[in-house]
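J.: My structure file target32.cif, mmCIF, C-alpha atoms and all ligand atoms; chains and numbers go by the auth columns, is below:
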data_structure
#
loop_
_atom_site.group_PDB
_atom_site.id
_atom_site.type_symbol
_atom_site.label_atom_id
_atom_site.label_comp_id
_atom_site.label_asym_id
_atom_site.label_seq_id
_atom_site.Cartn_x
_atom_site.Cartn_y
_atom_site.Cartn_z
_atom_site.B_iso_or_equiv
_atom_site.auth_seq_id
_atom_site.auth_asym_id
ATOM 1 C CA MET A 1 85.444 154.339 127.413 0.00 142 A
ATOM 2 C CA ASP A 2 86.124 158.066 127.774 0.00 143 A
ATOM 3 C CA ALA A 3 83.303 160.615 127.876 0.00 144 A
ATOM 4 C CA ILE A 4 83.821 161.958 124.342 0.00 145 A
ATOM 5 C CA THR A 5 83.800 158.455 122.861 0.00 146 A
ATOM 6 C CA ALA A 6 80.609 157.597 124.765 0.00 147 A
ATOM 7 C CA ILE A 7 78.956 160.803 123.511 0.00 148 A
ATOM 8 C CA GLN A 8 79.986 160.043 119.934 0.00 149 A
ATOM 9 C CA GLN A 9 78.921 156.410 120.088 0.00 150 A
ATOM 10 C CA ARG A 10 75.550 156.947 121.779 0.00 151 A
ATOM 11 C CA HIS A 11 72.625 156.305 119.476 0.00 152 A
ATOM 12 C CA SER A 12 69.042 155.203 119.908 0.00 153 A
ATOM 13 C CA THR A 13 68.218 151.511 119.922 0.00 154 A
ATOM 14 C CA ARG A 14 64.611 150.408 119.539 0.00 155 A
ATOM 15 C CA ARG A 15 65.150 146.660 119.620 0.00 156 A
ATOM 16 C CA PHE A 16 66.190 144.804 122.731 0.00 157 A
ATOM 17 C CA ASN A 17 66.911 141.130 123.286 0.00 158 A
ATOM 18 C CA GLY A 18 64.947 140.913 126.538 0.00 159 A
ATOM 19 C CA GLU A 19 68.037 140.311 128.685 0.00 160 A
ATOM 20 C CA SER A 20 67.587 141.778 132.163 0.00 161 A
ATOM 21 C CA LEU A 21 69.892 144.274 133.819 0.00 162 A
ATOM 22 C CA THR A 22 71.439 143.933 137.250 0.00 163 A
ATOM 23 C CA GLN A 23 70.219 146.222 139.991 0.00 164 A
ATOM 24 C CA SER A 24 73.749 147.599 140.340 0.00 165 A
ATOM 25 C CA ALA A 25 73.852 148.537 136.630 0.00 166 A
ATOM 26 C CA LEU A 26 70.509 150.338 136.978 0.00 167 A
ATOM 27 C CA LYS A 27 71.714 152.110 140.118 0.00 168 A
ATOM 28 C CA ARG A 28 74.842 153.208 138.277 0.00 169 A
ATOM 29 C CA LEU A 29 72.718 154.729 135.514 0.00 170 A
ATOM 30 C CA VAL A 30 70.512 156.647 137.959 0.00 171 A
ATOM 31 C CA ASP A 31 73.641 157.774 139.782 0.00 172 A
ATOM 32 C CA ALA A 32 74.901 159.260 136.497 0.00 173 A
ATOM 33 C CA GLY A 33 71.550 161.027 136.116 0.00 174 A
ATOM 34 C CA ARG A 34 71.643 162.636 139.531 0.00 175 A
ATOM 35 C CA HIS A 35 75.086 164.136 138.794 0.00 176 A
ATOM 36 C CA ALA A 36 73.660 166.377 136.048 0.00 177 A
ATOM 37 C CA PRO A 37 73.575 170.143 136.545 0.00 178 A
ATOM 38 C CA THR A 38 70.279 171.784 137.587 0.00 179 A
ATOM 39 C CA GLY A 39 69.021 175.358 137.622 0.00 180 A
ATOM 40 C CA ARG A 40 69.687 176.855 141.068 0.00 181 A
ATOM 41 C CA ASN A 41 70.898 173.379 142.076 0.00 182 A
ATOM 42 C CA GLU A 42 67.299 172.428 142.808 0.00 183 A
ATOM 43 C CA GLN A 43 67.705 168.763 141.799 0.00 184 A
ATOM 44 C CA PRO A 44 63.915 168.445 141.367 0.00 185 A
ATOM 45 C CA TRP A 45 64.135 164.868 140.122 0.00 186 A
ATOM 46 C CA GLU A 46 63.086 161.418 141.194 0.00 187 A
ATOM 47 C CA PHE A 47 63.882 158.324 139.126 0.00 188 A
ATOM 48 C CA VAL A 48 61.461 155.421 138.890 0.00 189 A
ATOM 49 C CA VAL A 49 63.152 152.239 137.684 0.00 190 A
ATOM 50 C CA VAL A 50 60.811 149.667 136.189 0.00 191 A
ATOM 51 C CA THR A 51 61.995 146.120 135.484 0.00 192 A
ATOM 52 C CA GLN A 52 58.865 143.993 135.946 0.00 193 A
ATOM 53 C CA ALA A 53 57.792 142.553 132.591 0.00 194 A
ATOM 54 C CA ASP A 54 54.091 143.227 133.150 0.00 195 A
ATOM 55 C CA LEU A 55 54.598 146.845 134.094 0.00 196 A
ATOM 56 C CA LEU A 56 57.052 147.403 131.220 0.00 197 A
ATOM 57 C CA LYS A 57 54.378 146.086 128.859 0.00 198 A
ATOM 58 C CA GLN A 58 51.677 148.336 130.306 0.00 199 A
ATOM 59 C CA ILE A 59 53.913 151.418 130.091 0.00 200 A
ATOM 60 C CA ALA A 60 54.952 150.542 126.538 0.00 201 A
ATOM 61 C CA GLY A 61 51.305 150.151 125.577 0.00 202 A
ATOM 62 C CA GLU A 62 50.471 153.685 126.716 0.00 203 A
ATOM 63 C CA THR A 63 53.191 155.400 124.667 0.00 204 A
ATOM 64 C CA GLU A 64 52.921 156.534 121.045 0.00 205 A
ATOM 65 C CA HIS A 65 56.413 155.590 119.915 0.00 206 A
ATOM 66 C CA GLY A 66 57.805 153.503 122.724 0.00 207 A
ATOM 67 C CA ARG A 67 56.357 150.029 122.230 0.00 208 A
ATOM 68 C CA PHE A 68 59.898 148.618 122.408 0.00 209 A
ATOM 69 C CA ILE A 69 59.979 149.470 126.134 0.00 210 A
ATOM 70 C CA ALA A 70 58.204 146.120 126.580 0.00 211 A
ATOM 71 C CA ASP A 71 61.374 144.261 125.496 0.00 212 A
ATOM 72 C CA ALA A 72 63.889 146.460 127.297 0.00 213 A
ATOM 73 C CA GLY A 73 65.815 145.228 130.321 0.00 214 A
ATOM 74 C CA GLY A 74 64.471 148.235 132.178 0.00 215 A
ATOM 75 C CA CYS A 75 62.856 151.619 131.857 0.00 216 A
ATOM 76 C CA ILE A 76 64.106 154.577 133.853 0.00 217 A
ATOM 77 C CA ILE A 77 61.369 157.171 134.191 0.00 218 A
ATOM 78 C CA VAL A 78 62.796 160.609 134.865 0.00 219 A
ATOM 79 C CA CYS A 79 60.260 162.551 136.954 0.00 220 A
ATOM 80 C CA CYS A 80 60.562 166.116 138.209 0.00 221 A
ATOM 81 C CA GLU A 81 58.742 168.424 140.546 0.00 222 A
ATOM 82 C CA GLU A 82 57.351 171.249 138.423 0.00 223 A
ATOM 83 C CA THR A 83 60.037 173.866 139.167 0.00 224 A
ATOM 84 C CA THR A 84 61.051 176.722 136.826 0.00 225 A
ATOM 85 C CA TYR A 85 63.767 174.670 135.151 0.00 226 A
ATOM 86 C CA TYR A 86 62.330 171.177 135.585 0.00 227 A
ATOM 87 C CA LEU A 87 62.435 170.401 131.864 0.00 228 A
ATOM 88 C CA GLU A 88 66.053 171.438 131.373 0.00 229 A
ATOM 89 C CA ASP A 89 67.020 169.633 134.584 0.00 230 A
ATOM 90 C CA GLY A 90 65.202 166.423 133.659 0.00 231 A
ATOM 91 C CA CYS A 91 66.656 166.480 130.142 0.00 232 A
ATOM 92 C CA ALA A 92 70.189 166.963 131.494 0.00 233 A
ATOM 93 C CA ALA A 93 69.699 163.922 133.730 0.00 234 A
ATOM 94 C CA THR A 94 68.273 161.956 130.808 0.00 235 A
ATOM 95 C CA GLU A 95 71.264 162.677 128.577 0.00 236 A
ATOM 96 C CA ASN A 96 73.684 161.761 131.379 0.00 237 A
ATOM 97 C CA ILE A 97 71.930 158.397 131.697 0.00 238 A
ATOM 98 C CA LEU A 98 72.070 157.759 127.939 0.00 239 A
ATOM 99 C CA ILE A 99 75.792 158.521 127.825 0.00 240 A
ATOM 100 C CA ALA A 100 76.472 156.401 130.896 0.00 241 A
ATOM 101 C CA ALA A 101 74.524 153.539 129.298 0.00 242 A
ATOM 102 C CA THR A 102 76.749 153.754 126.205 0.00 243 A
ATOM 103 C CA ALA A 103 79.875 153.754 128.377 0.00 244 A
ATOM 104 C CA MET A 104 78.528 150.612 130.081 0.00 245 A
ATOM 105 C CA GLU A 105 77.987 149.015 126.652 0.00 246 A
ATOM 106 C CA LEU A 106 74.222 149.099 127.065 0.00 247 A
ATOM 107 C CA ARG A 107 71.764 150.242 124.408 0.00 248 A
ATOM 108 C CA SER A 108 69.120 152.850 125.104 0.00 249 A
ATOM 109 C CA CYS A 109 66.441 155.115 123.706 0.00 250 A
ATOM 110 C CA TRP A 110 64.895 158.336 125.001 0.00 251 A
ATOM 111 C CA VAL A 111 61.095 158.116 124.809 0.00 252 A
ATOM 112 C CA ALA A 112 59.134 161.362 125.038 0.00 253 A
ATOM 113 C CA GLY A 113 57.465 162.159 128.337 0.00 254 A
ATOM 114 C CA ASP A 114 56.795 165.845 128.990 0.00 255 A
ATOM 115 C CA LYS A 115 53.875 167.267 126.918 0.00 256 A
ATOM 116 C CA LYS A 116 52.498 163.826 126.111 0.00 257 A
ATOM 117 C CA ASP A 117 48.945 163.029 127.257 0.00 258 A
ATOM 118 C CA TYR A 118 50.029 159.464 127.971 0.00 259 A
ATOM 119 C CA CYS A 119 52.056 160.727 130.952 0.00 260 A
ATOM 120 C CA ASP A 120 48.821 160.742 132.985 0.00 261 A
ATOM 121 C CA PRO A 121 48.065 157.022 132.629 0.00 262 A
ATOM 122 C CA ILE A 122 51.753 156.159 132.985 0.00 263 A
ATOM 123 C CA GLY A 123 51.909 158.316 136.130 0.00 264 A
ATOM 124 C CA LYS A 124 49.019 156.304 137.566 0.00 265 A
ATOM 125 C CA LEU A 125 50.791 153.029 136.752 0.00 266 A
ATOM 126 C CA ILE A 126 53.834 154.114 138.761 0.00 267 A
ATOM 127 C CA ASN A 127 51.932 155.918 141.560 0.00 268 A
ATOM 128 C CA LEU A 128 53.411 159.285 140.643 0.00 269 A
ATOM 129 C CA PRO A 129 52.353 161.934 143.184 0.00 270 A
ATOM 130 C CA ASP A 130 50.316 164.948 141.978 0.00 271 A
ATOM 131 C CA GLY A 131 52.465 167.857 140.811 0.00 272 A
ATOM 132 C CA MET A 132 55.262 165.652 139.475 0.00 273 A
ATOM 133 C CA LYS A 133 55.988 165.630 135.741 0.00 274 A
ATOM 134 C CA ILE A 134 57.362 162.781 133.677 0.00 275 A
ATOM 135 C CA VAL A 135 60.191 164.311 131.634 0.00 276 A
ATOM 136 C CA SER A 136 61.317 161.190 129.811 0.00 277 A
ATOM 137 C CA LEU A 137 61.193 157.423 129.759 0.00 278 A
ATOM 138 C CA ILE A 138 64.513 155.752 129.043 0.00 279 A
ATOM 139 C CA ALA A 139 64.443 152.259 127.594 0.00 280 A
ATOM 140 C CA VAL A 140 67.688 150.497 128.368 0.00 281 A
ATOM 141 C CA GLY A 141 68.951 147.020 127.716 0.00 282 A
ATOM 142 C CA TYR A 142 70.951 144.780 125.445 0.00 283 A
ATOM 143 C CA ASN A 143 70.875 144.187 121.710 0.00 284 A
ATOM 144 C CA ASP A 144 73.161 141.821 119.827 0.00 285 A
ATOM 145 C CA ASP A 145 72.940 143.692 116.504 0.00 286 A
ATOM 146 C CA ALA A 146 75.874 145.722 115.210 0.00 287 A
ATOM 147 C CA ALA A 147 75.549 149.361 116.246 0.00 288 A
ATOM 148 C CA VAL A 148 74.208 151.611 113.502 0.00 289 A
ATOM 149 C CA PRO A 149 75.062 155.232 114.252 0.00 290 A
ATOM 150 C CA THR A 150 72.468 157.887 113.388 0.00 291 A
ATOM 151 C CA PRO A 151 73.726 160.400 110.801 0.00 292 A
ATOM 152 C CA LYS A 152 74.316 163.847 112.271 0.00 293 A
ATOM 153 C CA ARG A 153 74.661 167.272 110.655 0.00 294 A
ATOM 154 C CA ALA A 154 78.313 168.033 109.920 0.00 295 A
ATOM 155 C CA LEU A 155 80.346 170.047 112.415 0.00 296 A
ATOM 156 C CA ASP A 156 81.233 172.656 109.764 0.00 297 A
ATOM 157 C CA GLU A 157 77.546 173.144 109.016 0.00 298 A
ATOM 158 C CA VAL A 158 76.478 173.818 112.600 0.00 299 A
ATOM 159 C CA LEU A 159 79.535 175.589 114.049 0.00 300 A
ATOM 160 C CA HIS A 160 79.693 179.404 113.852 0.00 301 A
ATOM 161 C CA TRP A 161 82.718 181.241 115.207 0.00 302 A
ATOM 162 C CA GLU A 162 82.031 184.536 116.986 0.00 303 A
ATOM 163 C CA SER A 163 78.813 185.335 115.039 0.00 304 A
ATOM 164 C CA PHE A 164 76.012 183.431 113.295 0.00 305 A
HETATM 165 C C1 LIG B . 62.726 164.872 123.543 0.00 401 B
HETATM 166 C C2 LIG B . 62.935 163.574 122.813 0.00 401 B
HETATM 167 C C3 LIG B . 61.875 162.718 122.655 0.00 401 B
HETATM 168 C C4 LIG B . 62.050 161.487 121.991 0.00 401 B
HETATM 169 N N1 LIG B . 60.989 160.637 121.911 0.00 401 B
HETATM 170 C C5 LIG B . 61.146 159.455 121.290 0.00 401 B
HETATM 171 C C6 LIG B . 60.071 158.512 121.258 0.00 401 B
HETATM 172 O O1 LIG B . 59.008 158.733 121.812 0.00 401 B
HETATM 173 N N2 LIG B . 60.286 157.327 120.604 0.00 401 B
HETATM 174 C C7 LIG B . 61.483 157.044 120.002 0.00 401 B
HETATM 175 O O2 LIG B . 61.596 155.959 119.419 0.00 401 B
HETATM 176 N N3 LIG B . 62.513 157.905 120.022 0.00 401 B
HETATM 177 C C8 LIG B . 62.377 159.092 120.657 0.00 401 B
HETATM 178 N N4 LIG B . 63.446 159.959 120.763 0.00 401 B
HETATM 179 C C9 LIG B . 64.743 159.581 120.167 0.00 401 B
HETATM 180 C C10 LIG B . 65.000 160.343 118.878 0.00 401 B
HETATM 181 O O3 LIG B . 64.133 159.867 117.873 0.00 401 B
HETATM 182 C C11 LIG B . 66.481 160.166 118.490 0.00 401 B
HETATM 183 O O4 LIG B . 67.285 160.705 119.507 0.00 401 B
HETATM 184 C C12 LIG B . 66.807 160.844 117.169 0.00 401 B
HETATM 185 O O5 LIG B . 66.171 160.193 116.100 0.00 401 B
HETATM 186 C C13 LIG B . 68.300 160.872 116.887 0.00 401 B
HETATM 187 O O6 LIG B . 68.827 159.569 116.913 0.00 401 B
HETATM 188 P P1 LIG B . 69.982 159.136 117.924 0.00 401 B
HETATM 189 O O7 LIG B . 69.405 159.141 119.316 0.00 401 B
HETATM 190 O O8 LIG B . 70.373 157.765 117.491 0.00 401 B
HETATM 191 O O9 LIG B . 71.096 160.142 117.827 0.00 401 B
HETATM 192 C C14 LIG B . 63.312 161.164 121.442 0.00 401 B
HETATM 193 C C15 LIG B . 64.382 162.028 121.631 0.00 401 B
HETATM 194 C C16 LIG B . 64.218 163.209 122.325 0.00 401 B
HETATM 195 C C17 LIG B . 65.409 164.102 122.558 0.00 401 B
#
Translate this file's structure into structure tokens.
Ligand SMILES: Cc1cc2nc3c(=O)[nH]c(=O)nc-3n(C[C@H](O)[C@H](O)[C@H](O)COP(=O)(O)O)c2cc1C

T.:
Amino acid sequence: MDAITAIQQRHSTRRFNGESLTQSALKRLVDAGRHAPTGRNEQPWEFVVVTQADLLKQIAGETEHGRFIADAGGCIIVCCEETTYYLEDGCAATENILIAATAMELRSCWVAGDKKDYCDPIGKLINLPDGMKIVSLIAVGYNDDAAVPTPKRALDEVLHWESF
């Protein structure tokens, strides 16, 4: 699948069939994340990959809108040192992972991290060192349902040539 097709086909999935992911698939996803651009090339990120059912359940239970993490094949937690551009950097890595997941025919969903109070208890669950922020939690796995793309605003509506 080429990059543009993966970008166009990516959409959030909040139901997973519980099938596990191979370690090499998870490594491939994190590898896509670490290739994202970062401000001043600081690469402030660390990626915590969770696959244990118990821990997935505990993390899911702490979130507001991420209960489905419990049924995912894995959860990639994008963490960053609190640098000037940590949020942009962590989000760029997150999007890379979502697109890579689509290209690998996996389903995924971005679950909010940064700004959420539940990052503290989740940080404790994964032994996150002080000073590190959780930017996002990415649920990833398989789902047998037909893909239902999320409607997007039309290109003509959002595109402005030369001036707003
Ligand atoms: C910063 C951010 C936080 C999000 N947090 C959640 C979340 O906590 N739970 C969830 O189900 N979806 C979450 N999403 C996914 C969005 O709801 C989803 O991307 C949006 O509805 C558009 O759908 P699409 O991903 O299928 O294009 C988040 C997305 C972003 C970018």

J.: If I put a ball of radius 6 Å at (59.9, 167.3, 130.5) in the file's coordinates, which residues poke into it when counting all atoms listed in the file, written as an MDAnalysis selection string?

T.: chainID A and resid 228 255 276

J.: With 6 Å as the cut-off and only C-alpha atoms and all ligand atoms counted, what is the closest atom pair between each nearby residue of chain A and ligand LIG 401 (chain B)? Distances in Å to one decimal, ordered by chain and number, as a Markdown table.

T.:
| residue | atom | partner | partner_atom | distance |
| --- | --- | --- | --- | --- |
| A:His152 | CA | B:LIG401 | O8 | 3.3 |
| A:Ser153 | CA | B:LIG401 | O8 | 3.8 |
| A:His206 | CA | B:LIG401 | N2 | 4.3 |
| A:Gly207 | CA | B:LIG401 | N2 | 5.0 |
| A:Cys250 | CA | B:LIG401 | C9 | 5.9 |
| A:Trp251 | CA | B:LIG401 | N4 | 4.8 |
| A:Val252 | CA | B:LIG401 | O1 | 3.7 |
| A:Ala253 | CA | B:LIG401 | N1 | 3.7 |
| A:Thr291 | CA | B:LIG401 | O8 | 4.6 |

J.: What do you get, as a ChimeraX atom specification, if you spell out every residue that the PyMOL selection byres (((chain A and resi 239) around 12) and not hetatm) selects here?

T.: /A:144,147-154,167,169-174,177,216-217,219,232-238,240-252,277-282

J.: In terms of the shortest atom-to-atom distance over all atoms listed in the file, which of A:Gly231, A:Pro292, A:Gly254, A:Gly264 is closest to Gly180 in chain A?

T.: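 Comparing A:Gly231, A:Pro292, A:Gly254, A:Gly264 against Gly180 in chain A, the winner is A:Gly231.
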
J.: Output the residue selection produced by the PyMOL selection byres (((chain A and resi 160-164) around 7) and not hetatm) on the file above, formatted as a PDB file with C-alpha atoms, in the coordinates of the input.

T.:
ATOM      1  CA  ASN A 158      66.911 141.130 123.286  1.00  0.00           C
ATOM      2  CA  GLY A 159      64.947 140.913 126.538  1.00  0.00           C
ATOM      3  CA  SER A 165      73.749 147.599 140.340  1.00  0.00           C
ATOM      4  CA  ALA A 166      73.852 148.537 136.630  1.00  0.00           C
ATOM      5  CA  LEU A 167      70.509 150.338 136.978  1.00  0.00           C
ATOM      6  CA  LYS A 168      71.714 152.110 140.118  1.00  0.00           C
ATOM      7  CA  GLY A 214      65.815 145.228 130.321  1.00  0.00           C
ATOM      8  CA  GLY A 215      64.471 148.235 132.178  1.00  0.00           C
ATOM      9  CA  GLY A 282      68.951 147.020 127.716  1.00  0.00           C
ATOM     10  CA  TYR A 283      70.951 144.780 125.445  1.00  0.00           C
TER      11      TYR A 283
END

J.: Looking at all atoms listed in the file, which of A:Glu203, A:Asp286, A:Glu183, A:Asp143 is the one that sits closest to Lys265 in chain A?

T.: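 The shortest atom-to-atom distance to Lys265 in chain A comes from A:Glu203.
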